[in-house]
Number of protein chains: 2
Amino acid sequence: MSSNSTPRVVVIGAGFGGLNAARALARENVQITIVDRKNHHTFQPLLYQVATAGLSPGEIAAPIRAVFRGDKDVVSLLAEVQDFDLTRRVVKTSEQELPYDYLVVAAGATHAYFGHDEWAPYAPGLKTIEDALEIRRRVLLAFELAERQAVSGGAHEPLNFVVVGAGPTGVELAGTLAEITHHVLAHEFHSIDPRSAHILLLEGGPRVLAVYPEDLSRSAEEQLRRLGVDVRTNTMVTQIEPGAVRFGETRVVAPVILWAAGVAASPLGKKLGVPCDRAGRVFVQPDLSLPGHPEVFVIGDLATLKDENGKMLPGVAPAAIQQGKFVAKTIHRDLRSEPRQNFKYWDKGSLATIGRAAAVAQFGKIHISGFIAWLSWLFIHIFFLIGFRNRLLVFIQWAWSYVTYERGARLITGSNDLPGWSGTHPTQIPAEEELRRKSA
Amino acid sequence: MSSNSTPRVVVIGAGFGGLNAARALARENVQITIVDRKNHHTFQPLLYQVATAGLSPGEIAAPIRAVFRGDKDVVSLLAEVQDFDLTRRVVKTSEQELPYDYLVVAAGATHAYFGHDEWAPYAPGLKTIEDALEIRRRVLLAFELAERQAVSGGAHEPLNFVVVGAGPTGVELAGTLAEITHHVLAHEFHSIDPRSAHILLLEGGPRVLAVYPEDLSRSAEEQLRRLGVDVRTNTMVTQIEPGAVRFGETRVVAPVILWAAGVAASPLGKKLGVPCDRAGRVFVQPDLSLPGHPEVFVIGDLATLKDENGKMLPGVAPAAIQQGKFVAKTIHRDLRSEPRQNFKYWDKGSLATIGRAAAVAQFGKIHISGFIAWLSWLFIHIFFLIGFRNRLLVFIQWAWSYVTYERGARLITGSNDLPGWSGTHPTQIPAEEELRRKSA
């Protein structure tokens, strides 16, 4: 550390981990620079609400600069980090070098296609505001294009919506899609019946929400079925093409295919020069520092660490938040020459929402399903939203849509095309064909 | 008209004119098809609030389908009209033909670059939600990129914002830009001073808000200057290039250039086979029908008509709304074999907003400026917003930003590039150079 001046801390990423590290550090006598490729923090747990037209982007995102308005020692920088020089202690962006005394790398994760990046344009994932707007565009557009086909008489392409992966994001997306097709859109079309939409949730493993206890997985699957979702477990997708998915011997034509199956850590992890796991996550020390570099911390979805029971830390917001705060505390102790401590994750419980009044929750040994779980989810999420105004607006939006079944943000912006959509008048296309039968 | 069946009315465009025609017709015994390229009605008078990050797109737009939820006889169609066959009485879209007994063409206007379409990428105009988001992106990004340059020490490119055209849209944009640079962003940057931003409003004519009485023009210019806007009248732009504007012998480097100078009617007007004025507006009969085609109406910004005093109808929302309702009434009278009447515009007054508590208003002979004009503007605009929920949310947003000087929708989505932005560390670039001096 440059001994005569205020220590410089560079934080990379303004997700839950980075934001909380910078917030806690703002109280210390340090100079903080927080770097992100976006100008806003995204409240990721509610991204699916933007993707399904329930909330507007501005309601779940806060400008990083506005979050630190009162903190004179926090510089917010819109930039993309390219590399590190751990010896010279600088972060390299495309425009400049940022020297640091402490570095906090919280660059997060993105969705991964298991070596099939060519599927990305046909099956968008959900990690950013832009992703959510693209999914919203496709979902709403599918109904519009089907109506347009049907208005001139005759058949329309099947309204299949395929969600790949039944983790929390896949379950939220499938549940909410079922909800809007059966309630919100049901009475607004004249030539198609939105309730005929078929929502398929494909999961490679044996159960949905695999990280939850088995009874809650079963409950979640039951709640999904009640909402009208066609849940297929043990179903591995083998091919995605424009407007169609293949699994086993089946090919399903679907104007909307969403990817919620895999995540990979930010490629920045690999640039730190230490071992990473298969998903690209950095193995960190018990104090979350980089092996051999006590001045560098890696936190959130980019880090991997086992707790004392050998259990991996989950890649969820509360873990990232706690890690961010812990790193700030560690730097605080360093500056006072106090010994470092090990990070301990405090598991406050898990919540996954499925749809209107449908959710599962685990608080220690207590397992809850249905309305009460959903209410807990609702209040916890509104409570943790950045900024009071956003909380208020989100609450009004939700109260309104709960009572009226309306959704506030149903805008299609951008192009009016869907990948694989024929645009011509199809003869009745089979929604699902058995490839075996066809080739026989 | 096909005598045995319910008359079919096709309405093209879901702006103020088309939407109001369809709404009023929904009460008649007719089948209505409303066709638009977008799935939403846009409340255009508030687009500048989206462009300047005050409101979210969802707050000023309503899905057309949702507007007609209760009207079983209104079919809403997302499609682009290509042509008409007035003899066969069909509208041609890229996918289908729509037969009609009555046709209402309300396709509106877009911005025009006076034969310089190549300026469009460097100086976006403001007509759609997409336009507004692009302007918002550029405005917010300019500050972020300047901060990034300044953080690594040295100069940053000049924060010039040029608005071309001082009609209502140009005045709103310039005034609101001045407001956000001086208040909202003032204390959030560390290495630049947003208050050093220079907002130039360039107007080719001798005064701002030329359609208003002279005393209100003077008042508007005075209010703009008080907000810090550099107003230059009698200033004709001769060239726009990536990141720079030329007028007379001057070249101004500007990361953000906005076009609010000209409008042209939709190209659909020319496809109706009757005379149009220079801006492409269709000359209509006193009953708003097409000469020789009493079953075809053209309304809103696409039509041109002189009132009994030889005064042109203004291209404003109230005129389009009244025309839409008038056409519905005319069809109603036709169906009852009552004689047609001539359209009469009821001028309820004009309002233009300039910024926080700054506006001008004319109600007949009463001219108002400043806070009271602004309050009238505020309540009239909130009152006319489509949908109760939107009204409530907009009201909360405004109350919040009035008290706190915050703006709720400051997200940069999409690319992090600006046209003409060098990205390198400039030596001090002169904000404005006299070309004459340079060539001397």
# chains A, B, ... in the order shown; residues from 1 in each chain; ligands from 1

$ closest_atom_pairs --of "chain A" --to "chain B" --cutoff "6 Å" --atoms "only C-alpha atoms" --output "Markdown table"
| residue | atom | partner | partner_atom | distance |
| --- | --- | --- | --- | --- |
| A:Gly58 | CA | B:Ala409 | CA | 4.9 |
| A:Arg69 | CA | B:Glu188 | CA | 5.4 |
| A:Glu188 | CA | B:Arg69 | CA | 5.4 |
| A:Ala409 | CA | B:Gly58 | CA | 4.9 |

$ write_last_selection --atoms "N, CA and C atoms" --output "PDB file, in the first residue's frame"
ATOM      1  N   GLY A  58     -36.791   0.879 -15.357  1.00  0.00           N
ATOM      2  CA  GLY A  58     -36.401   1.893 -14.383  1.00  0.00           C
ATOM      3  C   GLY A  58     -36.813   1.551 -12.962  1.00  0.00           C
ATOM      4  N   ARG A  69     -24.505   9.176  -4.422  1.00  0.00           N
ATOM      5  CA  ARG A  69     -24.578  10.625  -4.527  1.00  0.00           C
ATOM      6  C   ARG A  69     -23.952  11.322  -3.312  1.00  0.00           C
ATOM      7  N   GLU A 188     -58.056 -10.259 -24.786  1.00  0.00           N
ATOM      8  CA  GLU A 188     -57.701  -9.109 -25.614  1.00  0.00           C
ATOM      9  C   GLU A 188     -57.527  -9.447 -27.081  1.00  0.00           C
ATOM     10  N   ALA A 409     -46.326  -2.857 -18.377  1.00  0.00           N
ATOM     11  CA  ALA A 409     -45.210  -2.473 -19.237  1.00  0.00           C
ATOM     12  C   ALA A 409     -45.181  -3.298 -20.520  1.00  0.00           C
TER      13      ALA A 409
END

$ residues_around --residues "B:Pro168" --least-positions-apart "4" --cutoff "8 Å" --atoms "only C-alpha atoms" --output "JSON, numbers by chain"
{"B": [172, 209, 352, 353]}

$ residues_around --residues "B:Trp421" --least-positions-apart "4" --cutoff "9 Å" --atoms "only C-alpha atoms" --output "list of chain:residue names"
B:Ala142, B:Leu145, B:Glu157, B:Pro242, B:Gly243, B:Ala254, B:Pro255, B:Asp417

$ select_by_dssp --residues "stretch 91-160 of chain B" --states "alpha helix (DSSP H)" --output "list in words"
Ile129, Glu130, Asp131, Ala132, Leu133, Glu134, Ile135, Arg136, Arg137, Arg138, Val139, Leu140, Leu141, Ala142, Phe143, Glu144, Leu145, Ala146, Glu147, Arg148, Gln149, Ala150 and Val151 of chain B

$ residues_around --residues "A:Gly170" --least-positions-apart "5" --cutoff "8 Å" --atoms "only C-alpha atoms" --output "MDAnalysis selection string"
chainID A and resid 163:165 201 259:261

$ write_last_selection --atoms "all heavy atoms" --output "CSV table (one decimal), in the first residue's frame"
chain,number,residue,atom,x,y,z
A,163,VAL,N,-39.2,-22.9,-22.1
A,163,VAL,CA,-38.2,-22.4,-21.1
A,163,VAL,C,-37.2,-23.6,-20.9
A,163,VAL,O,-37.7,-24.7,-20.4
A,163,VAL,CB,-38.8,-21.9,-19.8
A,163,VAL,CG1,-37.8,-21.4,-18.9
A,163,VAL,CG2,-39.8,-20.8,-20.1
A,164,VAL,N,-36.0,-23.4,-21.1
A,164,VAL,CA,-35.0,-24.4,-20.9
A,164,VAL,C,-34.3,-24.2,-19.6
A,164,VAL,O,-33.6,-23.2,-19.4
A,164,VAL,CB,-33.9,-24.5,-22.0
A,164,VAL,CG1,-33.0,-25.6,-21.9
A,164,VAL,CG2,-34.6,-24.5,-23.4
A,165,GLY,N,-34.5,-25.2,-18.6
A,165,GLY,CA,-33.8,-25.1,-17.3
A,165,GLY,C,-34.8,-24.7,-16.3
A,165,GLY,O,-35.5,-23.7,-16.4
A,201,LEU,N,-41.7,-26.4,-19.8
A,201,LEU,CA,-40.5,-26.1,-19.0
A,201,LEU,C,-39.7,-27.4,-19.0
A,201,LEU,O,-40.1,-28.5,-18.5
A,201,LEU,CB,-40.9,-25.8,-17.5
A,201,LEU,CG,-39.8,-25.6,-16.5
A,201,LEU,CD1,-38.9,-24.4,-16.9
A,201,LEU,CD2,-40.4,-25.3,-15.1
A,259,TRP,N,-33.7,-19.3,-22.4
A,259,TRP,CA,-32.6,-20.1,-21.9
A,259,TRP,C,-32.3,-19.7,-20.4
A,259,TRP,O,-32.0,-18.6,-20.1
A,259,TRP,CB,-31.3,-19.8,-22.7
A,259,TRP,CG,-30.2,-20.7,-22.3
A,259,TRP,CD1,-29.1,-20.4,-21.4
A,259,TRP,CD2,-30.0,-22.0,-22.7
A,259,TRP,NE1,-28.3,-21.4,-21.3
A,259,TRP,CE2,-28.8,-22.5,-22.0
A,259,TRP,CE3,-30.7,-22.9,-23.5
A,259,TRP,CZ2,-28.3,-23.8,-22.2
A,259,TRP,CZ3,-30.2,-24.2,-23.7
A,259,TRP,CH2,-29.0,-24.6,-23.0
A,260,ALA,N,-32.6,-20.7,-19.5
A,260,ALA,CA,-32.4,-20.5,-18.1
A,260,ALA,C,-31.6,-21.7,-17.5
A,260,ALA,O,-31.8,-22.1,-16.4
A,260,ALA,CB,-33.7,-20.3,-17.4
A,261,ALA,N,-30.7,-22.2,-18.4
A,261,ALA,CA,-30.1,-23.5,-18.0
A,261,ALA,C,-28.7,-23.5,-17.4
A,261,ALA,O,-28.4,-24.3,-16.6
A,261,ALA,CB,-30.1,-24.5,-19.2

$ residues_around --residues "B:Met236" --least-positions-apart "4" --cutoff "9 Å" --atoms "only C-alpha atoms" --output "PDB file with all heavy atoms, in the first residue's frame"
ATOM      1  N   VAL B 164     -31.487  21.354 -32.447  1.00  0.00           N
ATOM      2  CA  VAL B 164     -31.765  22.087 -33.679  1.00  0.00           C
ATOM      3  C   VAL B 164     -33.275  22.249 -33.819  1.00  0.00           C
ATOM      4  O   VAL B 164     -34.000  21.265 -33.938  1.00  0.00           O
ATOM      5  CB  VAL B 164     -31.188  21.347 -34.906  1.00  0.00           C
ATOM      6  CG1 VAL B 164     -31.386  22.188 -36.172  1.00  0.00           C
ATOM      7  CG2 VAL B 164     -29.724  21.001 -34.700  1.00  0.00           C
ATOM      8  N   LEU B 202     -30.599  26.069 -31.434  1.00  0.00           N
ATOM      9  CA  LEU B 202     -30.432  26.766 -32.710  1.00  0.00           C
ATOM     10  C   LEU B 202     -31.767  26.840 -33.442  1.00  0.00           C
ATOM     11  O   LEU B 202     -32.429  25.829 -33.639  1.00  0.00           O
ATOM     12  CB  LEU B 202     -29.432  26.017 -33.592  1.00  0.00           C
ATOM     13  CG  LEU B 202     -28.071  25.702 -32.972  1.00  0.00           C
ATOM     14  CD1 LEU B 202     -27.192  24.978 -33.994  1.00  0.00           C
ATOM     15  CD2 LEU B 202     -27.398  26.974 -32.491  1.00  0.00           C
ATOM     16  N   GLU B 203     -32.133  28.049 -33.855  1.00  0.00           N
ATOM     17  CA  GLU B 203     -33.409  28.234 -34.541  1.00  0.00           C
ATOM     18  C   GLU B 203     -33.176  29.052 -35.810  1.00  0.00           C
ATOM     19  O   GLU B 203     -32.597  30.134 -35.747  1.00  0.00           O
ATOM     20  CB  GLU B 203     -34.403  28.937 -33.593  1.00  0.00           C
ATOM     21  CG  GLU B 203     -35.665  29.481 -34.239  1.00  0.00           C
ATOM     22  CD  GLU B 203     -36.497  28.410 -34.947  1.00  0.00           C
ATOM     23  OE1 GLU B 203     -36.647  27.298 -34.411  1.00  0.00           O
ATOM     24  OE2 GLU B 203     -37.001  28.704 -36.067  1.00  0.00           O
ATOM     25  N   GLY B 204     -33.628  28.510 -36.932  1.00  0.00           N
ATOM     26  CA  GLY B 204     -33.460  29.198 -38.206  1.00  0.00           C
ATOM     27  C   GLY B 204     -34.264  30.489 -38.291  1.00  0.00           C
ATOM     28  O   GLY B 204     -33.822  31.478 -38.886  1.00  0.00           O
ATOM     29  N   GLY B 205     -35.455  30.503 -37.689  1.00  0.00           N
ATOM     30  CA  GLY B 205     -36.324  31.681 -37.744  1.00  0.00           C
ATOM     31  C   GLY B 205     -35.937  32.729 -36.725  1.00  0.00           C
ATOM     32  O   GLY B 205     -35.007  32.537 -35.941  1.00  0.00           O
ATOM     33  N   ARG B 246     -22.316  22.498 -37.912  1.00  0.00           N
ATOM     34  CA  ARG B 246     -21.850  23.766 -38.491  1.00  0.00           C
ATOM     35  C   ARG B 246     -23.029  24.678 -38.737  1.00  0.00           C
ATOM     36  O   ARG B 246     -24.079  24.246 -39.198  1.00  0.00           O
ATOM     37  CB  ARG B 246     -21.159  23.514 -39.835  1.00  0.00           C
ATOM     38  CG  ARG B 246     -19.763  22.978 -39.738  1.00  0.00           C
ATOM     39  CD  ARG B 246     -19.296  22.566 -41.126  1.00  0.00           C
ATOM     40  NE  ARG B 246     -18.199  21.628 -41.021  1.00  0.00           N
ATOM     41  CZ  ARG B 246     -16.913  21.979 -41.167  1.00  0.00           C
ATOM     42  NH1 ARG B 246     -16.588  23.213 -41.464  1.00  0.00           N
ATOM     43  NH2 ARG B 246     -15.969  21.073 -41.027  1.00  0.00           N
ATOM     44  N   PHE B 247     -22.835  25.951 -38.453  1.00  0.00           N
ATOM     45  CA  PHE B 247     -23.793  26.983 -38.846  1.00  0.00           C
ATOM     46  C   PHE B 247     -22.999  28.237 -39.122  1.00  0.00           C
ATOM     47  O   PHE B 247     -22.091  28.591 -38.373  1.00  0.00           O
ATOM     48  CB  PHE B 247     -24.862  27.209 -37.776  1.00  0.00           C
ATOM     49  CG  PHE B 247     -24.357  27.322 -36.372  1.00  0.00           C
ATOM     50  CD1 PHE B 247     -24.027  28.553 -35.827  1.00  0.00           C
ATOM     51  CD2 PHE B 247     -24.207  26.189 -35.580  1.00  0.00           C
ATOM     52  CE1 PHE B 247     -23.561  28.671 -34.521  1.00  0.00           C
ATOM     53  CE2 PHE B 247     -23.738  26.295 -34.276  1.00  0.00           C
ATOM     54  CZ  PHE B 247     -23.414  27.534 -33.750  1.00  0.00           C
ATOM     55  N   GLY B 248     -23.335  28.887 -40.216  1.00  0.00           N
ATOM     56  CA  GLY B 248     -22.563  30.063 -40.638  1.00  0.00           C
ATOM     57  C   GLY B 248     -21.093  29.691 -40.703  1.00  0.00           C
ATOM     58  O   GLY B 248     -20.719  28.689 -41.309  1.00  0.00           O
TER      59      GLY B 248
END

$ atom_distance --atom1 "atom CA of A:Gly280" --atom2 "atom CA of A:Pro267"
7.1 Å
